[in-house]
Structures are given as C-alpha cells and as structure tokens.
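Novice: My file is run_28.txt. It has compact mmCIF, C-alpha atoms:
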```
# COMPACT_ATOMS: atom_id res chain seq x y z
CA MET T 1 0.00 0.00 0.00
CA SER T 2 1.57 3.27 -1.04
CA THR T 3 0.89 6.54 0.61
CA ALA T 4 1.06 9.79 -1.26
CA THR T 5 2.54 12.76 0.47
CA ILE T 6 0.45 15.87 0.10
CA VAL T 7 2.58 18.95 -0.11
CA PRO T 8 0.55 22.03 0.76
CA ARG T 9 0.93 24.93 -1.63
CA ASN T 10 0.23 28.52 -0.83
CA ARG T 11 -2.77 29.55 -2.88
CA ASP T 12 -4.85 32.65 -2.94
CA HIS T 13 -8.63 32.47 -2.59
CA GLY T 14 -9.14 32.74 -6.34
CA THR T 15 -6.93 29.72 -7.00
CA VAL T 16 -8.66 27.63 -4.36
CA LEU T 17 -12.04 28.65 -5.76
CA GLU T 18 -10.90 27.83 -9.29
CA VAL T 19 -9.72 24.35 -8.27
CA ALA T 20 -13.00 23.66 -6.46
CA LEU T 21 -15.12 24.90 -9.35
CA ASP T 22 -13.02 22.94 -11.84
CA ALA T 23 -13.59 19.69 -9.93
CA ILE T 24 -17.29 20.39 -9.68
CA LEU T 25 -17.66 21.31 -13.37
CA ARG T 26 -15.62 18.27 -14.41
CA ASP T 27 -17.79 15.91 -12.38
CA ARG T 28 -21.04 17.90 -12.84
CA ARG T 29 -21.69 17.89 -9.07
CA LEU T 30 -24.25 20.67 -9.17
CA ALA T 31 -25.38 20.25 -5.56
CA ASP T 32 -21.84 21.08 -4.43
CA LEU T 33 -21.69 23.95 -6.87
CA ASN T 34 -24.94 25.34 -5.51
CA GLU T 35 -23.57 25.20 -1.97
CA ILE T 36 -20.34 26.97 -2.95
CA THR T 37 -22.10 29.75 -4.86
CA GLU T 38 -24.54 30.41 -2.03
CA ASP T 39 -21.71 30.40 0.56
CA LEU T 40 -19.72 32.85 -1.53
CA ALA T 41 -22.76 35.08 -1.91
CA ARG T 42 -22.88 35.37 1.88
CA ALA T 43 -19.24 36.50 2.00
CA ASP T 44 -18.38 40.08 2.81
CA ARG T 45 -19.74 42.37 0.09
CA VAL T 46 -19.91 39.55 -2.45
CA LEU T 47 -23.20 39.89 -4.23
CA GLY T 48 -23.03 36.49 -5.88
CA VAL T 49 -21.32 34.06 -8.21
CA LEU T 50 -22.17 32.99 -11.76
CA VAL T 51 -20.65 29.83 -13.25
CA PHE T 52 -20.70 29.08 -16.98
CA ASP T 53 -19.68 25.91 -18.83
CA ARG T 54 -17.41 25.81 -21.89
CA ASP T 55 -20.40 26.55 -24.14
CA ASP T 56 -21.17 29.74 -22.16
CA ARG T 57 -24.33 28.23 -20.73
CA PRO T 58 -25.07 29.20 -17.12
CA VAL T 59 -24.44 26.15 -14.97
CA GLN T 60 -25.04 27.73 -11.58
CA SER T 61 -25.70 31.09 -10.07
CA SER T 62 -26.35 32.56 -6.66
CA ARG T 63 -30.01 33.46 -6.26
CA SER T 64 -29.03 37.08 -5.61
CA VAL T 65 -27.51 37.48 -9.11
CA LEU T 66 -29.68 35.14 -11.14
CA ARG T 67 -31.19 38.06 -13.08
CA HIS T 68 -27.70 39.20 -14.20
CA GLN T 69 -26.66 35.98 -15.99
CA ALA T 70 -27.16 37.36 -19.49
CA THR T 71 -25.32 40.57 -18.61
CA PHE T 72 -22.12 38.78 -17.64
CA THR T 73 -22.08 35.92 -20.17
CA ALA T 74 -19.80 37.89 -22.51
CA LEU T 75 -17.40 38.67 -19.65
CA ALA T 76 -17.22 34.97 -18.73
CA ARG T 77 -16.59 34.13 -22.40
CA ARG T 78 -13.71 36.65 -22.55
CA ALA T 79 -12.12 35.06 -19.48
CA ARG T 80 -12.57 31.53 -20.83
CA VAL T 81 -11.41 32.23 -24.38
CA GLY T 82 -8.53 34.46 -23.26
CA ARG T 83 -7.59 32.02 -20.48
CA ALA T 84 -7.08 34.97 -18.17
CA SER T 85 -8.94 36.88 -15.51
CA VAL T 86 -11.02 39.84 -16.64
CA ALA T 87 -12.58 42.52 -14.45
CA THR T 88 -15.03 45.34 -15.04
CA VAL T 89 -17.27 47.74 -13.13
CA ARG T 90 -20.91 48.06 -14.19
CA ASP T 91 -23.88 50.04 -12.95
CA LEU T 92 -26.88 47.73 -12.74
CA GLY T 93 -30.19 48.56 -11.16
CA GLY T 94 -28.79 51.50 -9.21
CA ALA T 95 -25.88 49.48 -7.81
CA ARG T 96 -22.23 49.62 -8.85
CA LEU T 97 -20.93 46.10 -9.33
CA TYR T 98 -17.37 44.88 -9.65
CA ALA T 99 -17.35 41.76 -11.81
CA TYR T 100 -14.29 39.51 -11.73
CA ALA T 101 -14.35 36.68 -14.26
CA PHE T 102 -11.80 33.90 -14.43
CA PRO T 103 -11.41 30.68 -16.42
CA VAL T 104 -12.06 27.45 -14.60
CA GLY T 105 -10.06 24.29 -15.20
CA SER T 106 -7.57 25.65 -17.66
CA SER T 107 -4.03 24.51 -18.16
CA PRO T 108 -1.49 25.36 -20.84
CA THR T 109 -2.59 22.33 -22.86
CA THR T 110 -6.34 22.12 -22.22
CA GLU T 111 -9.30 24.32 -22.96
CA PRO T 112 -10.96 25.76 -19.83
CA ARG T 113 -14.02 23.83 -18.65
CA GLY T 114 -15.85 27.08 -18.16
CA ALA T 115 -15.65 30.39 -16.35
CA ALA T 116 -16.87 31.89 -13.11
CA VAL T 117 -17.88 35.48 -12.45
CA LEU T 118 -17.68 36.84 -8.92
CA LEU T 119 -19.83 39.95 -8.37
CA ARG T 120 -19.10 42.43 -5.59
CA ASP T 121 -21.22 45.39 -4.56
CA LEU T 122 -19.21 48.64 -4.67
CA SER T 123 -21.86 50.91 -3.18
CA TYR T 124 -20.09 50.69 0.19
CA ILE T 125 -17.13 52.51 -1.40
CA ASP T 126 -19.42 55.36 -2.41
CA ALA T 127 -20.86 55.52 1.12
CA ASN T 128 -17.38 55.52 2.65
CA LEU T 129 -16.27 58.22 0.23
CA ARG T 130 -19.25 60.41 1.16
CA ARG T 131 -18.55 59.89 4.86
CA SER T 132 -14.88 60.69 4.40
CA THR T 133 -15.69 63.79 2.38
CA VAL T 134 -18.00 65.11 5.10
CA THR T 135 -15.40 64.38 7.78
CA LEU T 136 -12.70 66.09 5.74
CA ALA T 137 -14.94 69.13 5.23
CA TRP T 138 -15.48 69.44 9.00
CA LEU T 139 -11.74 69.12 9.63
CA VAL T 140 -10.95 71.81 7.06
CA LEU T 141 -13.59 74.07 8.62
CA ALA T 142 -12.14 73.52 12.11
CA LEU T 143 -8.63 74.24 10.84
CA ALA T 144 -9.89 77.42 9.13
CA VAL T 145 -11.45 78.59 12.41
CA VAL T 146 -8.19 77.95 14.32
CA VAL T 147 -6.16 79.79 11.66
CA ALA T 148 -8.65 82.69 11.68
CA LEU T 149 -8.41 82.97 15.47
CA ALA T 150 -4.59 82.94 15.35
CA VAL T 151 -4.49 85.57 12.60
CA SER T 152 -7.05 87.65 14.49
CA ALA T 153 -4.97 87.52 17.69
CA ALA T 154 -1.79 88.48 15.80
CA LEU T 155 -3.52 91.36 14.02
CA ARG T 156 -5.10 92.51 17.25
CA ALA T 157 -1.73 92.66 18.95
CA ALA T 158 -0.14 94.36 15.93
CA VAL T 159 -2.91 96.96 15.54
CA LEU T 160 -4.25 97.54 19.05
CA GLY T 161 -0.83 98.08 20.69
CA PRO T 162 0.05 101.13 18.57
CA VAL T 163 -3.53 102.39 18.71
CA ALA T 164 -3.48 102.17 22.52
CA ARG T 165 -0.23 104.21 22.57
CA LEU T 166 -1.84 106.81 20.29
CA VAL T 167 -4.91 107.03 22.52
CA ALA T 168 -2.69 107.51 25.60
CA ALA T 169 -0.72 110.26 23.79
CA ALA T 170 -3.96 111.93 22.68
CA GLU T 171 -5.24 111.90 26.27
CA ARG T 172 -1.98 113.54 27.44
CA VAL T 173 -2.34 116.23 24.77
CA GLY T 174 -5.99 116.66 25.79
CA ALA T 175 -4.87 117.14 29.39
CA GLY T 176 -2.54 119.93 28.24
CA ARG T 177 0.76 118.08 28.43
CA LEU T 178 2.43 118.85 25.14
CA ASP T 179 5.92 117.74 26.09
CA GLY T 180 5.53 113.96 25.39
CA HIS T 181 6.11 112.15 22.18
CA VAL T 182 4.69 108.91 20.66
CA ALA T 183 7.26 106.34 19.58
CA GLY T 184 6.52 104.98 16.12
CA GLU T 185 7.39 101.60 14.72
CA GLY T 186 8.14 100.76 11.12
```
Using structure tokens, write down the structure that the file contains.

Specialist:
Amino acid sequence: MSTATIVPRNRDHGTVLEVALDAILRDRRLADLNEITEDLARADRVLGVLVFDRDDRPVQSSRSVLRHQATFTALARRARVGRASVATVRDLGGARLYAYAFPVGSSPTTEPRGAAVLLRDLSYIDANLRRSTVTLAWLVLALAVVVALAVSAALRAAVLGPVARLVAAAERVGAGRLDGHVAGEG
C-alpha cells in the first residue's frame, strides 16, 4: 500500500475557488456547486457568483444574481477564451458592481471547462467616500477657524498696541501736556 505525500501549496482564494469549481464542473456535481455559490454570496460584500460551462451556458448562479446571468455571459466568455482573468465595473439597477471573471479548469494544454464570475457590490465605497468627504470638510472648517483665530490675535496685537499708545498720547495732549512724544514703529 503506497501513501502519497500531500505537499501544501500557498494559494490565494481565487486559485482555491478555481480548483474547487473545476472539480465540480468536471464531475457535474451541481449540488456542491450550488452550496459553494450560495456560501460565496454570503461572504463580505460579495453579491453572488455565476458559473458558466465551456459553451457559455449558465451552470449555476447565486439566487441574488440570477437576473444578471445574461449581462455577464460575454465577460465569462472573454475570461474563458482568453484564459485569463477579466474585471469590469458596471452600474446595474442602481448598484455599482465589480465583476471579476476567471477561467475554470484551464491549463497550458487544455481548454478551460468554463468560467466563473464573482460579483461584488461597490456601493459601500461610495458611502465611505461620502462619509470621508464630510469628515474632511469638517476638519478643514475647524482648521480654518483655528487659523482665523490665530491671525485675528496676531492682528489685534499688531494693531491695538500702537492704537493704545496713540490714545494715551492723545489723552496727554488733551490734558494739556504737550511735552511727550509717541514712539513709532516701522
């Protein structure tokens, strides 16, 4: 009895997903494919997954993106035919979607078994950008107030000091003392 040694390889999530989808497409285990697509759809900000076979027919899709199958068939075809990942951003139904398509089951010598499209909702980026813009506006306003107060204090000291000396000299002249003088600056 021989035992095979399994050597773990470092893989990113896309590679692991591609291997899993390849095995499922190869064996046509649609129940497993359904489970994977629904699990991915519950992932953080992932709207859903579409999986197409080598004839560009939808094999599986998350319920949340079922209505978008026709929209992303061409993107899946580009990934499959080009044997490379393809990404795009589309506005659909008031939502900005990031679509990442990649071939499934390809090797340098074989045609891909199909393609998968992972859809992510980008509306959270817009919300974060709006929040950041408002925060930045408040910070700029606060900084402007601090700068205005500092400039005001400097101008007050620069203007009111000489004015106070002039008022004191004018009061001396008004009291009849004409022997004093006012020192000027500048």

Novice: If you measure from atom CA of T:Trp138 to atom CA of T:Ala154, what distance in Å do you get, rounded to one decimal?

Specialist: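 So the two atoms, atom CA of T:Trp138 and atom CA of T:Ala154, lie 24.4 Å apart.
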
Novice: Can you work out the spacing between atom CA of T:Gly94 and atom CA of T:Leu122 in Å, to one decimal?

Specialist: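 For atom CA of T:Gly94 relative to atom CA of T:Leu122, the distance reads 11.0 Å.
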
Novice: Which of these residues is nearest to T:Arg120, using only C-alpha atoms: T:Leu155, T:Ala87, T:Val167, T:Ala144?

Specialist: T:Ala87

Novice: Can you pull out the residues contacting T:Val89? Cut-off 10 Å, using only C-alpha atoms, and skip same-chain residues under 4 positions away; I want them as a ChimeraX atom specification.

Specialist: /T:96-100,119-122

Novice: Restricting the calculation to all atoms listed in the file: of T:Arg156, T:Arg67, T:Arg77, T:Arg165, which residue gets closest to T:Ala115?

Specialist: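 Among the listed residues, T:Arg77 lies closest to T:Ala115.
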
Novice: I need the residue nearest T:Gly105 from this list: T:Ala76, T:Arg54, T:Leu139, T:Ala169. Use only C-alpha atoms for the distance.

Specialist: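 Once distances to T:Gly105 are computed over only C-alpha atoms, the minimum belongs to T:Arg54.
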
Novice: Rounded to one decimal, what separation in Å do you get between atom CA of T:Gly48 and atom CA of T:Ser62?

Specialist: 5.2 Å

Novice: Could you work out an axis-aligned bounding box for all listed atoms of stretch 62-75 of chain T, with 6 Å added on each of the six sides, and give its centre and edge lengths in Å to one decimal, as JSON?

Specialist:
```
{"center_x": -24.3, "center_y": 36.6, "center_z": -14.1, "size_x": 25.8, "size_y": 20.0, "size_z": 28.9}
```

Novice: Tell me which of T:Leu47, T:Ala79, T:Leu178, T:Val86 sits closest to T:Val65, counting only C-alpha atoms.

Specialist: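 Using only C-alpha atoms, T:Val65 sits closest to T:Leu47.
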
Novice: Please provide as a PyMOL selection string all residues within 12 Å of T:Leu75, with the sequence filter that same-chain residues fewer than 5 positions apart are discarded (counting all atoms listed in the file).

Specialist: chain T and resi 50-52+56+68-70+80-90+98-103+114-119

Novice: Which is closest to T:Ser123 among T:Val59, T:Ala175, T:Ala95, T:Val151, if we use all atoms listed in the file?

Specialist: T:Ala95

Novice: Since the input lacks atoms, please generate all heavy atoms for stretch 89-100 of chain T and provide them as a CSV table (one decimal), keeping the file's coordinate frame.

Specialist:
```csv
chain,number,residue,atom,x,y,z
T,89,VAL,N,-16.3,47.1,-14.1
T,89,VAL,CA,-17.3,47.7,-13.1
T,89,VAL,C,-18.5,48.1,-13.9
T,89,VAL,O,-18.3,48.8,-15.0
T,89,VAL,CB,-16.7,49.0,-12.4
T,89,VAL,CG1,-17.7,49.7,-11.6
T,89,VAL,CG2,-15.5,48.6,-11.6
T,90,ARG,N,-19.7,47.7,-13.5
T,90,ARG,CA,-20.9,48.1,-14.2
T,90,ARG,C,-21.9,48.6,-13.2
T,90,ARG,O,-22.0,48.2,-12.1
T,90,ARG,CB,-21.5,46.8,-14.8
T,90,ARG,CG,-20.6,46.2,-15.9
T,90,ARG,CD,-21.4,45.9,-17.1
T,90,ARG,NE,-20.5,45.4,-18.2
T,90,ARG,CZ,-20.5,44.2,-18.7
T,90,ARG,NH1,-21.4,43.4,-18.3
T,90,ARG,NH2,-19.7,43.9,-19.6
T,91,ASP,N,-22.8,49.5,-13.7
T,91,ASP,CA,-23.9,50.0,-13.0
T,91,ASP,C,-25.1,49.3,-13.4
T,91,ASP,O,-25.5,49.3,-14.5
T,91,ASP,CB,-24.1,51.5,-13.2
T,91,ASP,CG,-23.0,52.4,-12.6
T,91,ASP,OD1,-22.5,52.1,-11.5
T,91,ASP,OD2,-22.6,53.3,-13.3
T,92,LEU,N,-25.7,48.5,-12.4
T,92,LEU,CA,-26.9,47.7,-12.7
T,92,LEU,C,-27.9,48.0,-11.7
T,92,LEU,O,-27.7,47.8,-10.5
T,92,LEU,CB,-26.5,46.2,-12.8
T,92,LEU,CG,-25.7,45.8,-13.9
T,92,LEU,CD1,-25.4,44.3,-13.8
T,92,LEU,CD2,-26.4,46.0,-15.3
T,93,GLY,N,-29.1,48.4,-12.1
T,93,GLY,CA,-30.2,48.6,-11.2
T,93,GLY,C,-29.9,49.5,-10.0
T,93,GLY,O,-30.3,49.2,-8.9
T,94,GLY,N,-29.1,50.5,-10.3
T,94,GLY,CA,-28.8,51.5,-9.2
T,94,GLY,C,-27.6,51.1,-8.3
T,94,GLY,O,-27.3,51.8,-7.4
T,95,ALA,N,-27.0,50.0,-8.6
T,95,ALA,CA,-25.9,49.5,-7.8
T,95,ALA,C,-24.6,49.4,-8.7
T,95,ALA,O,-24.7,49.0,-9.9
T,95,ALA,CB,-26.2,48.1,-7.2
T,96,ARG,N,-23.5,49.8,-8.1
T,96,ARG,CA,-22.2,49.6,-8.8
T,96,ARG,C,-21.7,48.3,-8.5
T,96,ARG,O,-21.5,47.9,-7.3
T,96,ARG,CB,-21.2,50.7,-8.4
T,96,ARG,CG,-21.6,52.1,-9.0
T,96,ARG,CD,-20.7,53.2,-8.7
T,96,ARG,NE,-19.3,52.8,-9.2
T,96,ARG,CZ,-18.2,53.1,-8.5
T,96,ARG,NH1,-18.3,53.6,-7.3
T,96,ARG,NH2,-17.0,52.7,-9.0
T,97,LEU,N,-21.4,47.5,-9.5
T,97,LEU,CA,-20.9,46.1,-9.3
T,97,LEU,C,-19.5,45.9,-9.9
T,97,LEU,O,-19.3,46.4,-11.0
T,97,LEU,CB,-21.9,45.1,-10.0
T,97,LEU,CG,-23.3,45.0,-9.5
T,97,LEU,CD1,-24.1,44.0,-10.3
T,97,LEU,CD2,-23.4,44.8,-8.0
T,98,TYR,N,-18.7,45.3,-9.2
T,98,TYR,CA,-17.4,44.9,-9.6
T,98,TYR,C,-17.5,43.4,-10.0
T,98,TYR,O,-17.9,42.6,-9.2
T,98,TYR,CB,-16.3,45.0,-8.5
T,98,TYR,CG,-15.0,44.5,-8.9
T,98,TYR,CD1,-14.1,45.2,-9.8
T,98,TYR,CD2,-14.5,43.3,-8.4
T,98,TYR,CE1,-12.9,44.7,-10.1
T,98,TYR,CE2,-13.3,42.8,-8.7
T,98,TYR,CZ,-12.5,43.5,-9.5
T,98,TYR,OH,-11.2,43.0,-9.9
T,99,ALA,N,-17.2,43.1,-11.3
T,99,ALA,CA,-17.4,41.8,-11.8
T,99,ALA,C,-16.0,41.2,-12.1
T,99,ALA,O,-15.2,41.9,-12.9
T,99,ALA,CB,-18.2,41.7,-13.1
T,100,TYR,N,-15.6,40.1,-11.5
T,100,TYR,CA,-14.3,39.5,-11.7
T,100,TYR,C,-14.5,38.1,-12.3
T,100,TYR,O,-15.1,37.3,-11.7
T,100,TYR,CB,-13.5,39.4,-10.4
T,100,TYR,CG,-12.2,38.7,-10.5
T,100,TYR,CD1,-11.1,39.3,-11.0
T,100,TYR,CD2,-12.1,37.4,-10.1
T,100,TYR,CE1,-9.9,38.7,-11.1
T,100,TYR,CE2,-10.9,36.7,-10.2
T,100,TYR,CZ,-9.8,37.4,-10.7
T,100,TYR,OH,-8.6,36.7,-10.8
```
